[in-house]
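Trainee: This is my_file27.cif, which holds mmCIF, C-alpha atoms and all ligand atoms:
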```
data_structure
#
loop_
_atom_site.group_PDB
_atom_site.id
_atom_site.type_symbol
_atom_site.label_atom_id
_atom_site.label_comp_id
_atom_site.auth_asym_id
_atom_site.auth_seq_id
_atom_site.Cartn_x
_atom_site.Cartn_y
_atom_site.Cartn_z
ATOM 1 C CA MET A 1 -38.283 -22.307 -27.530
ATOM 2 C CA THR A 2 -37.119 -25.893 -27.293
ATOM 3 C CA ASP A 3 -36.338 -26.893 -23.714
ATOM 4 C CA VAL A 4 -32.967 -28.507 -24.424
ATOM 5 C CA THR A 5 -32.322 -29.580 -20.833
ATOM 6 C CA ALA A 6 -35.758 -31.150 -20.426
ATOM 7 C CA TRP A 7 -35.428 -33.173 -23.655
ATOM 8 C CA ALA A 8 -31.940 -34.323 -22.677
ATOM 9 C CA LYS A 9 -33.329 -35.542 -19.354
ATOM 10 C CA TYR A 10 -36.221 -37.231 -21.201
ATOM 11 C CA LEU A 11 -33.735 -39.337 -23.221
ATOM 12 C CA PHE A 12 -31.359 -39.876 -20.290
ATOM 13 C CA ASP A 13 -34.242 -41.221 -18.173
ATOM 14 C CA ALA A 14 -35.489 -43.459 -21.013
ATOM 15 C CA GLU A 15 -32.028 -45.052 -21.164
ATOM 16 C CA GLN A 16 -31.846 -45.451 -17.383
ATOM 17 C CA ARG A 17 -35.328 -46.972 -17.170
ATOM 18 C CA ARG A 18 -34.822 -49.058 -20.333
ATOM 19 C CA GLU A 19 -38.190 -47.923 -21.586
ATOM 20 C CA PRO A 20 -38.701 -46.611 -25.089
ATOM 21 C CA VAL A 21 -40.206 -43.140 -25.480
ATOM 22 C CA ALA A 22 -42.127 -41.216 -28.143
ATOM 23 C CA LEU A 23 -40.225 -39.116 -30.678
ATOM 24 C CA ILE A 24 -39.324 -35.575 -29.666
ATOM 25 C CA THR A 25 -40.579 -34.456 -33.092
ATOM 26 C CA GLU A 26 -44.066 -35.696 -32.189
ATOM 27 C CA THR A 27 -44.160 -32.788 -29.738
ATOM 28 C CA GLU A 28 -41.758 -30.509 -31.605
ATOM 29 C CA PRO A 29 -42.251 -31.132 -35.332
ATOM 30 C CA ASN A 30 -39.987 -28.200 -36.226
ATOM 31 C CA LEU A 31 -36.976 -29.373 -34.187
ATOM 32 C CA THR A 32 -33.900 -28.257 -36.155
ATOM 33 C CA ILE A 33 -30.626 -30.141 -36.605
ATOM 34 C CA GLU A 34 -28.901 -27.410 -34.591
ATOM 35 C CA GLU A 35 -31.338 -27.791 -31.679
ATOM 36 C CA ALA A 36 -31.017 -31.567 -31.902
ATOM 37 C CA TYR A 37 -27.211 -31.325 -31.454
ATOM 38 C CA GLU A 38 -27.830 -29.013 -28.479
ATOM 39 C CA ILE A 39 -30.020 -31.692 -26.885
ATOM 40 C CA GLN A 40 -27.328 -34.288 -27.675
ATOM 41 C CA GLU A 41 -24.689 -32.134 -25.964
ATOM 42 C CA ALA A 42 -26.875 -31.636 -22.916
ATOM 43 C CA LEU A 43 -27.522 -35.395 -22.774
ATOM 44 C CA VAL A 44 -23.784 -36.110 -22.916
ATOM 45 C CA ARG A 45 -23.112 -33.430 -20.275
ATOM 46 C CA GLN A 46 -25.551 -35.288 -18.035
ATOM 47 C CA LYS A 47 -23.608 -38.530 -18.594
ATOM 48 C CA LEU A 48 -20.328 -36.738 -17.805
ATOM 49 C CA ALA A 49 -21.835 -35.226 -14.654
ATOM 50 C CA GLY A 50 -22.609 -38.810 -13.618
ATOM 51 C CA GLY A 51 -18.908 -39.718 -13.917
ATOM 52 C CA GLN A 52 -18.651 -40.941 -17.520
ATOM 53 C CA ARG A 53 -15.724 -39.826 -19.681
ATOM 54 C CA ILE A 54 -15.579 -39.136 -23.437
ATOM 55 C CA VAL A 55 -13.441 -41.750 -25.216
ATOM 56 C CA GLY A 56 -14.271 -40.796 -28.779
ATOM 57 C CA ALA A 57 -16.991 -40.120 -31.300
ATOM 58 C CA LYS A 58 -18.873 -41.863 -34.085
ATOM 59 C CA LEU A 59 -20.410 -41.293 -37.448
ATOM 60 C CA GLY A 60 -23.742 -42.795 -38.301
ATOM 61 C CA LEU A 61 -25.978 -43.228 -41.315
ATOM 62 C CA THR A 62 -22.976 -42.956 -43.647
ATOM 63 C CA SER A 63 -23.800 -46.062 -45.706
ATOM 64 C CA ARG A 64 -26.622 -46.595 -48.149
ATOM 65 C CA ALA A 65 -27.488 -49.841 -46.337
ATOM 66 C CA LYS A 66 -28.129 -47.965 -43.102
ATOM 67 C CA GLN A 67 -29.780 -44.946 -44.692
ATOM 68 C CA GLU A 68 -32.275 -47.093 -46.538
ATOM 69 C CA ALA A 69 -32.975 -49.307 -43.547
ATOM 70 C CA MET A 70 -33.637 -46.333 -41.263
ATOM 71 C CA GLY A 71 -35.288 -44.104 -43.870
ATOM 72 C CA VAL A 72 -32.898 -41.277 -42.958
ATOM 73 C CA HIS A 73 -30.675 -40.185 -45.805
ATOM 74 C CA GLU A 74 -28.116 -37.955 -44.115
ATOM 75 C CA PRO A 75 -25.199 -38.822 -41.838
ATOM 76 C CA LEU A 76 -24.872 -37.676 -38.239
ATOM 77 C CA TYR A 77 -22.347 -37.839 -35.405
ATOM 78 C CA ALA A 78 -22.471 -38.662 -31.711
ATOM 79 C CA TRP A 79 -20.284 -39.261 -28.658
ATOM 80 C CA LEU A 80 -18.725 -42.378 -27.174
ATOM 81 C CA THR A 81 -18.094 -42.666 -23.433
ATOM 82 C CA ASP A 82 -16.159 -45.157 -21.329
ATOM 83 C CA ALA A 83 -19.463 -46.640 -20.115
ATOM 84 C CA MET A 84 -20.120 -47.853 -23.678
ATOM 85 C CA VAL A 85 -16.923 -49.892 -23.922
ATOM 86 C CA LEU A 86 -17.650 -53.610 -23.928
ATOM 87 C CA PRO A 87 -14.358 -55.488 -23.487
ATOM 88 C CA ALA A 88 -13.663 -58.255 -26.018
ATOM 89 C CA GLU A 89 -15.162 -61.648 -25.111
ATOM 90 C CA THR A 90 -17.597 -60.011 -22.658
ATOM 91 C CA PRO A 91 -21.180 -61.068 -23.341
ATOM 92 C CA LEU A 92 -23.728 -58.357 -24.074
ATOM 93 C CA SER A 93 -26.348 -58.305 -21.297
ATOM 94 C CA LEU A 94 -29.645 -57.675 -23.026
ATOM 95 C CA SER A 95 -31.376 -56.885 -19.737
ATOM 96 C CA GLU A 96 -29.388 -53.614 -19.644
ATOM 97 C CA LEU A 97 -30.856 -52.437 -22.946
ATOM 98 C CA ILE A 98 -34.192 -51.796 -24.680
ATOM 99 C CA HIS A 99 -34.005 -53.408 -28.155
ATOM 100 C CA PRO A 100 -30.345 -53.604 -29.180
ATOM 101 C CA ARG A 101 -29.032 -54.076 -32.694
ATOM 102 C CA VAL A 102 -25.453 -54.824 -33.749
ATOM 103 C CA GLU A 103 -23.534 -53.504 -36.769
ATOM 104 C CA PRO A 104 -20.002 -53.819 -38.216
ATOM 105 C CA GLU A 105 -17.674 -50.815 -38.362
ATOM 106 C CA ILE A 106 -14.142 -49.771 -39.265
ATOM 107 C CA VAL A 107 -12.593 -48.080 -36.240
ATOM 108 C CA PHE A 108 -9.931 -45.351 -36.183
ATOM 109 C CA VAL A 109 -7.627 -44.597 -33.271
ATOM 110 C CA ILE A 110 -6.504 -41.007 -33.590
ATOM 111 C CA GLY A 111 -2.848 -40.204 -32.906
ATOM 112 C CA GLU A 112 -2.925 -36.430 -33.440
ATOM 113 C CA GLU A 113 -5.620 -33.821 -32.906
ATOM 114 C CA LEU A 114 -7.776 -33.171 -35.972
ATOM 115 C CA ALA A 115 -9.381 -29.754 -36.014
ATOM 116 C CA GLY A 116 -11.645 -28.626 -38.844
ATOM 117 C CA PRO A 117 -12.460 -26.803 -41.034
ATOM 118 C CA GLY A 118 -10.607 -28.025 -44.097
ATOM 119 C CA VAL A 119 -9.718 -31.517 -42.827
ATOM 120 C CA THR A 120 -9.386 -34.037 -45.701
ATOM 121 C CA ALA A 121 -9.336 -37.832 -45.742
ATOM 122 C CA TYR A 122 -5.554 -37.563 -46.270
ATOM 123 C CA ASP A 123 -5.221 -35.499 -43.086
ATOM 124 C CA VAL A 124 -7.237 -38.141 -41.247
ATOM 125 C CA LEU A 125 -4.980 -40.965 -42.462
ATOM 126 C CA ALA A 126 -1.875 -38.976 -41.485
ATOM 127 C CA ALA A 127 -3.293 -38.362 -37.990
ATOM 128 C CA THR A 128 -4.436 -41.983 -37.464
ATOM 129 C CA SER A 129 -2.315 -44.200 -35.228
ATOM 130 C CA GLY A 130 -4.226 -47.346 -36.163
ATOM 131 C CA VAL A 131 -7.342 -48.783 -37.748
ATOM 132 C CA GLY A 132 -9.201 -51.851 -36.613
ATOM 133 C CA CYS A 133 -12.589 -53.448 -36.747
ATOM 134 C CA GLY A 134 -15.438 -53.218 -34.290
ATOM 135 C CA LEU A 135 -19.061 -53.970 -33.576
ATOM 136 C CA GLU A 136 -21.363 -51.200 -32.500
ATOM 137 C CA ILE A 137 -24.389 -52.030 -30.344
ATOM 138 C CA LEU A 138 -27.169 -49.530 -30.985
ATOM 139 C CA ASP A 139 -30.178 -49.086 -28.738
ATOM 140 C CA SER A 140 -32.491 -46.310 -29.894
ATOM 141 C CA ARG A 141 -34.396 -44.872 -27.002
ATOM 142 C CA TYR A 142 -37.404 -44.426 -29.322
ATOM 143 C CA ALA A 143 -40.287 -46.857 -29.659
ATOM 144 C CA ASN A 144 -39.992 -49.357 -32.528
ATOM 145 C CA PHE A 145 -36.429 -48.174 -33.290
ATOM 146 C CA GLN A 146 -37.862 -45.527 -35.632
ATOM 147 C CA PHE A 147 -36.904 -41.870 -35.812
ATOM 148 C CA THR A 148 -36.278 -38.800 -37.939
ATOM 149 C CA LEU A 149 -32.773 -37.326 -38.316
ATOM 150 C CA PRO A 150 -33.189 -34.697 -35.527
ATOM 151 C CA ASP A 151 -34.644 -37.316 -33.151
ATOM 152 C CA ALA A 152 -31.662 -39.629 -33.753
ATOM 153 C CA ILE A 153 -29.160 -36.786 -33.295
ATOM 154 C CA ALA A 154 -30.741 -35.808 -29.968
ATOM 155 C CA ASP A 155 -30.576 -39.467 -28.859
ATOM 156 C CA ASN A 156 -26.773 -39.500 -29.351
ATOM 157 C CA ALA A 157 -27.346 -41.574 -32.498
ATOM 158 C CA SER A 158 -28.694 -44.608 -30.602
ATOM 159 C CA SER A 159 -25.225 -45.203 -29.088
ATOM 160 C CA ALA A 160 -25.176 -47.882 -26.406
ATOM 161 C CA ARG A 161 -22.033 -50.079 -26.477
ATOM 162 C CA PHE A 162 -19.137 -51.004 -28.740
ATOM 163 C CA VAL A 163 -16.546 -53.772 -28.933
ATOM 164 C CA LEU A 164 -13.169 -53.431 -30.610
ATOM 165 C CA GLY A 165 -11.466 -56.132 -32.655
ATOM 166 C CA PRO A 166 -8.163 -57.737 -31.677
ATOM 167 C CA GLU A 167 -5.688 -55.671 -33.696
ATOM 168 C CA LEU A 168 -4.841 -52.199 -34.931
ATOM 169 C CA VAL A 169 -2.918 -51.738 -38.176
ATOM 170 C CA LYS A 170 -1.362 -48.731 -39.913
ATOM 171 C CA PRO A 171 -3.691 -47.354 -42.591
ATOM 172 C CA ASP A 172 -1.043 -47.731 -45.315
ATOM 173 C CA PHE A 173 -3.407 -49.445 -47.764
ATOM 174 C CA ASP A 174 -6.709 -48.543 -49.392
ATOM 175 C CA LEU A 175 -9.339 -48.752 -46.634
ATOM 176 C CA SER A 176 -12.158 -48.462 -49.178
ATOM 177 C CA LEU A 177 -11.217 -51.972 -50.406
ATOM 178 C CA ILE A 178 -11.511 -53.687 -47.015
ATOM 179 C CA GLY A 179 -14.011 -56.522 -47.318
ATOM 180 C CA CYS A 180 -16.477 -57.273 -44.530
ATOM 181 C CA LEU A 181 -18.579 -60.385 -43.956
ATOM 182 C CA PHE A 182 -21.266 -59.969 -41.329
ATOM 183 C CA GLU A 183 -22.830 -63.072 -39.759
ATOM 184 C CA LEU A 184 -25.613 -63.696 -37.257
ATOM 185 C CA ASP A 185 -25.860 -67.199 -35.787
ATOM 186 C CA GLY A 186 -23.725 -68.623 -38.577
ATOM 187 C CA GLU A 187 -25.797 -67.046 -41.332
ATOM 188 C CA LEU A 188 -24.387 -64.369 -43.638
ATOM 189 C CA VAL A 189 -26.556 -61.260 -43.103
ATOM 190 C CA GLY A 190 -24.424 -58.617 -44.801
ATOM 191 C CA THR A 191 -21.431 -58.086 -47.059
ATOM 192 C CA ALA A 192 -19.748 -54.769 -47.711
ATOM 193 C CA THR A 193 -16.502 -52.986 -48.427
ATOM 194 C CA GLY A 194 -14.966 -50.003 -46.654
ATOM 195 C CA ALA A 195 -16.283 -47.846 -49.486
ATOM 196 C CA ALA A 196 -19.796 -48.333 -48.086
ATOM 197 C CA SER A 197 -19.140 -45.508 -45.622
ATOM 198 C CA LEU A 198 -19.144 -42.308 -47.709
ATOM 199 C CA GLY A 199 -16.883 -43.856 -50.364
ATOM 200 C CA HIS A 200 -13.975 -44.192 -47.910
ATOM 201 C CA PRO A 201 -14.111 -44.450 -44.118
ATOM 202 C CA ALA A 202 -11.489 -41.690 -43.733
ATOM 203 C CA GLU A 203 -13.913 -39.370 -45.568
ATOM 204 C CA ALA A 204 -16.403 -40.047 -42.798
ATOM 205 C CA VAL A 205 -13.838 -39.161 -40.126
ATOM 206 C CA ALA A 206 -12.915 -35.988 -42.065
ATOM 207 C CA LEU A 207 -16.596 -35.028 -42.086
ATOM 208 C CA LEU A 208 -16.676 -35.460 -38.312
ATOM 209 C CA ALA A 209 -13.575 -33.273 -37.850
ATOM 210 C CA ASN A 210 -15.124 -30.552 -40.001
ATOM 211 C CA TRP A 211 -18.503 -30.728 -38.251
ATOM 212 C CA LEU A 212 -16.823 -30.529 -34.846
ATOM 213 C CA GLY A 213 -14.655 -27.638 -36.088
ATOM 214 C CA HIS A 214 -17.843 -25.769 -36.840
ATOM 215 C CA ARG A 215 -18.752 -26.037 -33.156
ATOM 216 C CA GLY A 216 -15.258 -25.102 -31.921
ATOM 217 C CA GLN A 217 -14.437 -28.742 -31.066
ATOM 218 C CA SER A 218 -11.893 -31.197 -32.457
ATOM 219 C CA ILE A 219 -11.149 -34.927 -32.651
ATOM 220 C CA GLU A 220 -8.632 -35.392 -29.879
ATOM 221 C CA ARG A 221 -5.498 -37.464 -29.662
ATOM 222 C CA GLY A 222 -6.235 -40.952 -28.354
ATOM 223 C CA TRP A 223 -9.884 -40.913 -29.360
ATOM 224 C CA ILE A 224 -11.662 -43.880 -30.848
ATOM 225 C CA VAL A 225 -13.788 -43.025 -33.888
ATOM 226 C CA LEU A 226 -16.381 -45.440 -35.266
ATOM 227 C CA SER A 227 -16.596 -44.507 -38.940
ATOM 228 C CA GLY A 228 -20.151 -45.708 -39.642
ATOM 229 C CA ALA A 229 -21.731 -49.114 -40.118
ATOM 230 C CA LEU A 230 -20.886 -50.773 -43.428
ATOM 231 C CA ALA A 231 -23.907 -53.088 -43.361
ATOM 232 C CA ASN A 232 -27.328 -52.871 -41.765
ATOM 233 C CA ALA A 233 -27.640 -53.588 -38.050
ATOM 234 C CA VAL A 234 -29.224 -56.839 -36.847
ATOM 235 C CA PRO A 235 -31.436 -57.258 -33.754
ATOM 236 C CA VAL A 236 -30.052 -59.733 -31.207
ATOM 237 C CA LYS A 237 -31.718 -61.997 -28.646
ATOM 238 C CA PRO A 238 -30.384 -64.161 -25.813
ATOM 239 C CA GLY A 239 -27.911 -66.649 -27.306
ATOM 240 C CA SER A 240 -27.341 -64.661 -30.501
ATOM 241 C CA HIS A 241 -23.804 -64.750 -31.823
ATOM 242 C CA VAL A 242 -22.618 -62.004 -34.149
ATOM 243 C CA VAL A 243 -19.330 -62.181 -36.077
ATOM 244 C CA ALA A 244 -17.819 -59.582 -38.402
ATOM 245 C CA THR A 245 -14.783 -60.689 -40.409
ATOM 246 C CA PHE A 246 -12.752 -58.044 -42.208
ATOM 247 C CA SER A 247 -9.885 -58.413 -44.657
ATOM 248 C CA ARG A 248 -6.708 -56.895 -43.167
ATOM 249 C CA LEU A 249 -8.414 -56.029 -39.839
ATOM 250 C CA GLY A 250 -9.314 -59.440 -38.426
ATOM 251 C CA CYS A 251 -12.473 -60.619 -36.806
ATOM 252 C CA VAL A 252 -14.678 -59.279 -34.011
ATOM 253 C CA ARG A 253 -17.439 -61.277 -32.316
ATOM 254 C CA LEU A 254 -20.134 -60.821 -29.738
ATOM 255 C CA ARG A 255 -22.454 -63.119 -27.830
ATOM 256 C CA ALA A 256 -25.703 -61.827 -26.358
ATOM 257 C CA ILE A 257 -27.130 -63.141 -23.073
ATOM 258 C CA ALA A 258 -30.363 -62.404 -21.235
HETATM 259 C C1 LIG A 301 -28.541 -44.404 -35.829
HETATM 260 C C2 LIG A 301 -27.047 -44.588 -35.681
HETATM 261 C C3 LIG A 301 -26.431 -45.123 -36.958
HETATM 262 C C4 LIG A 301 -24.339 -46.093 -38.047
HETATM 263 O O1 LIG A 301 -23.211 -46.563 -37.914
HETATM 264 O O2 LIG A 301 -24.897 -45.979 -39.146
HETATM 265 C C5 LIG A 301 -25.037 -45.638 -36.815
HETATM 266 C C6 LIG A 301 -29.277 -45.738 -35.880
HETATM 267 O O3 LIG A 301 -29.283 -46.381 -36.933
HETATM 268 O O4 LIG A 301 -29.875 -46.122 -34.869
HETATM 269 O O5 LIG A 301 -24.458 -45.737 -35.772
HETATM 270 MG MG MG A 302 -22.794 -47.199 -35.964
#
```
In structure tokens, what does this structure look like?
Mentor:
Amino acid sequence: MTDVTAWAKYLFDAEQRREPVALITETEPNLTIEEAYEIQEALVRQKLAGGQRIVGAKLGLTSRAKQEAMGVHEPLYAWLTDAMVLPAETPLSLSELIHPRVEPEIVFVIGEELAGPGVTAYDVLAATSGVGCGLEILDSRYANFQFTLPDAIADNASSARFVLGPELVKPDFDLSLIGCLFELDGELVGTATGAASLGHPAEAVALLANWLGHRGQSIERGWIVLSGALANAVPVKPGSHVVATFSRLGCVRLRAIA
């Protein structure tokens, strides 16, 4: 029997101490996806018990760029809390994290509850109050930023921080055609379109609604949903400057400090 509470505490403590830990699957090679989501839930419950609040959810490993970089070829979901919100123009303090990486995402703000099963991308678009751009800051709690799918699920999909872009627009155009230029220190490190995330970012959000429906949960009104990185994440160091420029959605930037 997997000790869900003990593994959740193991990851919670790693985050608090900012010290990477060994994979859960090194000890529990047969950890299932189901058990991994149970650990994730227990980890998030621990955050909530400490006063954090759920502000949304995220998809991960939805793009080929990310799947190939991480060697994990299936998507996953995880939770966003208020403690992860990095206000625009606020520098990212690297001393708070282990080995952060930054990636560009299309962000949905949900205007009406979405409860699976049977949610389609069309339902998602109809329930969306706005879409914007964002940067997600990942910080795997595992050594060398390497993991298997169940390890990453248990670790709340490496979630650490996120920054939202300056504007939200109505999704009344084809989001799969949004272009994204991703730059680190003035150098182009990735290019992608919205289609990079499961063919259409609303498909990714529909997948989330249907997965949550399976567990008796839903995407709630007012939630922020990160629909999955379009390009591979880049490691940042003190002084690094990351910029993601999107057609239709504007530009989001982040500066890292020690
Ligand atoms: C897992 C989380 C992936 C995304 O957008 O693909 C993710 C990781 O790569 O650490 O958030
Ligand atoms: Mg992400």
Trainee: Quick one: which residues end up in the PyMOL selection byres (((chain A and resi 205) around 12) and not hetatm) for this structure, as a PyMOL selection string?
Mentor: chain A and resi 56-60+62+75-77+106-110+114-116+119-125+127-128+131+197-204+206-212+218-219+223-228
Trainee: To one decimal place, how far is atom CA of A:Gly194 from atom C4 of ligand LIG 301 (chain A) in Å?
Mentor: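 Going from atom CA of A:Gly194 over to atom C4 of ligand LIG 301 (chain A), I get 13.3 Å.
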Trainee: Using all atoms listed in the file, which protein or nucleic acid residues come within 9 Å of stretch 9-22 of chain A? Drop anything in the same chain fewer than 2 positions from it, and give the result as a count of residues only.
Mentor: 27
Trainee: Quick one: of A:Val252, A:Ala83, A:Ala69, A:Ala192, who's nearest to ligand LIG 301 (chain A), counting only C-alpha atoms and all ligand atoms?
Mentor: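 The shortest atom-to-atom distance to ligand LIG 301 (chain A) comes from A:Ala69.
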Trainee: Which one is closest to ligand LIG 301 (chain A): A:Gly216, A:Gly222, A:Pro104, A:Gly179? Count all atoms listed in the file.
Mentor: A:Pro104
Trainee: Between A:Leu184, A:Ala196, A:Leu92, A:Leu149, which is the closest to A:Ile33 once you count all atoms listed in the file?
Mentor: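 Going through A:Leu184, A:Ala196, A:Leu92, A:Leu149 one by one, the smallest distance to A:Ile33 is for A:Leu149.
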Trainee: What gap, in Å, lies between atom CA of A:Pro29 and atom O5 of ligand LIG 301 (chain A)?
Mentor: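 These atoms are spaced 23.0 Å apart.
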Trainee: Please, what distance in Å, to one decimal, runs between atom CA of A:Pro238 and atom O4 of ligand LIG 301 (chain A)?
Mentor: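 Pair atom CA of A:Pro238 / atom O4 of ligand LIG 301 (chain A) returns 20.2 Å.
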Trainee: Tell me which of A:Val72, A:Ala256, A:Ala160, A:Leu31 sits closest to ligand MG 302 (chain A), counting only C-alpha atoms and all ligand atoms.
Mentor: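 Checking each candidate against ligand MG 302 (chain A), we get A:Ala160 as the closest.
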Trainee: For A:Glu187, list every protein, DNA or RNA residue within 12 Å, evaluated using all atoms listed in the file, and leave out those in the same chain fewer than 6 positions away; present the list as a PyMOL selection string.
Mentor: chain A and resi 181+234+240-244
Trainee: Could the residues in this selection be written to a file with C-alpha atoms, as a short mmCIF file (atom, residue, chain, number, x, y, z; two decimals), in the coordinates of the input?
Mentor:
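As a result, selection.cif now contains:
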```
data_model
loop_
_atom_site.label_atom_id
_atom_site.label_comp_id
_atom_site.auth_asym_id
_atom_site.auth_seq_id
_atom_site.Cartn_x
_atom_site.Cartn_y
_atom_site.Cartn_z
CA LEU A 181 -18.58 -60.38 -43.96
CA VAL A 234 -29.22 -56.84 -36.85
CA SER A 240 -27.34 -64.66 -30.50
CA HIS A 241 -23.80 -64.75 -31.82
CA VAL A 242 -22.62 -62.00 -34.15
CA VAL A 243 -19.33 -62.18 -36.08
CA ALA A 244 -17.82 -59.58 -38.40
#
```
Trainee: May I ask which of the residues A:Ala195, A:Ile153, A:Cys251, A:Leu94 is the closest one to A:Ser176, counting only C-alpha atoms?
Mentor: A:Ala195
Trainee: Extract, using all atoms listed in the file, all DNA, RNA and protein residues at most 8 Å from A:His73, discarding same-chain residues fewer than 3 positions from it, and format them as a PDB file with C-alpha atoms, in the frame of the given file.
Mentor:
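For reference, result10.pdb as written:
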```
ATOM      1  CA  LEU A  61     -25.978 -43.228 -41.315  1.00  0.00           C
ATOM      2  CA  ARG A  64     -26.622 -46.595 -48.149  1.00  0.00           C
ATOM      3  CA  GLN A  67     -29.780 -44.946 -44.692  1.00  0.00           C
ATOM      4  CA  GLU A  68     -32.275 -47.093 -46.538  1.00  0.00           C
TER       5      GLU A  68
END
```
Trainee: Go ahead and fit an axis-aligned box to every listed atom of stretch 220-239 of chain A plus 5 Å each side, and pass me the centre and edge lengths in Å, one decimal, as lines of an AutoDock Vina configuration file.
Mentor:
```
center_x = -18.6
center_y = -51.0
center_z = -34.6
size_x = 36.2
size_y = 41.3
size_z = 27.6
```
Trainee: Point out the residue among A:Met70, A:Leu164, A:Leu138, A:Leu254 with the least atom-to-atom distance to ligand MG 302 (chain A), counting all atoms listed in the file.
Mentor: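 Of A:Met70, A:Leu164, A:Leu138, A:Leu254, the one nearest ligand MG 302 (chain A), counting all atoms listed in the file, is A:Leu138.
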Trainee: Written as a PyMOL selection string, which residues does the PyMOL selection byres (((chain A and resi 87) around 10) and not hetatm) give for the file shown?
Mentor: chain A and resi 84-86+88-92+161-165
Trainee: Since the input is missing atoms, can you rebuild all heavy atoms for stretch 183-188 of chain A and write them as a compact mmCIF listing (two decimals), keeping the file's coordinate frame?
Mentor:
```txt
# COMPACT_ATOMS: atom_id res chain seq x y z
N GLU A 183 -22.05 -61.85 -39.99
CA GLU A 183 -22.83 -63.07 -39.76
C GLU A 183 -23.58 -63.03 -38.43
O GLU A 183 -23.05 -62.54 -37.43
CB GLU A 183 -21.90 -64.29 -39.71
CG GLU A 183 -21.33 -64.66 -41.07
CD GLU A 183 -20.15 -65.60 -40.91
OE1 GLU A 183 -19.04 -65.10 -40.64
OE2 GLU A 183 -20.35 -66.82 -41.03
N LEU A 184 -24.80 -63.53 -38.47
CA LEU A 184 -25.61 -63.70 -37.26
C LEU A 184 -25.96 -65.17 -37.14
O LEU A 184 -26.56 -65.74 -38.07
CB LEU A 184 -26.89 -62.85 -37.36
CG LEU A 184 -27.94 -63.06 -36.27
CD1 LEU A 184 -27.42 -62.59 -34.91
CD2 LEU A 184 -29.24 -62.32 -36.61
N ASP A 185 -25.57 -65.78 -36.03
CA ASP A 185 -25.86 -67.20 -35.79
C ASP A 185 -25.46 -68.07 -36.98
O ASP A 185 -26.23 -68.94 -37.41
CB ASP A 185 -27.35 -67.39 -35.44
CG ASP A 185 -27.70 -66.64 -34.17
OD1 ASP A 185 -26.82 -66.48 -33.30
OD2 ASP A 185 -28.86 -66.20 -34.04
N GLY A 186 -24.27 -67.79 -37.51
CA GLY A 186 -23.72 -68.62 -38.58
C GLY A 186 -24.30 -68.33 -39.95
O GLY A 186 -23.91 -68.96 -40.93
N GLU A 187 -25.20 -67.36 -40.03
CA GLU A 187 -25.80 -67.05 -41.33
C GLU A 187 -25.27 -65.69 -41.80
O GLU A 187 -25.21 -64.73 -41.02
CB GLU A 187 -27.32 -66.97 -41.17
CG GLU A 187 -28.06 -66.96 -42.48
CD GLU A 187 -29.54 -66.61 -42.25
OE1 GLU A 187 -30.10 -67.05 -41.24
OE2 GLU A 187 -30.08 -65.87 -43.09
N LEU A 188 -24.90 -65.63 -43.08
CA LEU A 188 -24.39 -64.37 -43.64
C LEU A 188 -25.55 -63.38 -43.76
O LEU A 188 -26.53 -63.65 -44.47
CB LEU A 188 -23.78 -64.66 -45.01
CG LEU A 188 -22.95 -63.56 -45.65
CD1 LEU A 188 -21.73 -63.21 -44.80
CD2 LEU A 188 -22.51 -63.99 -47.04
```
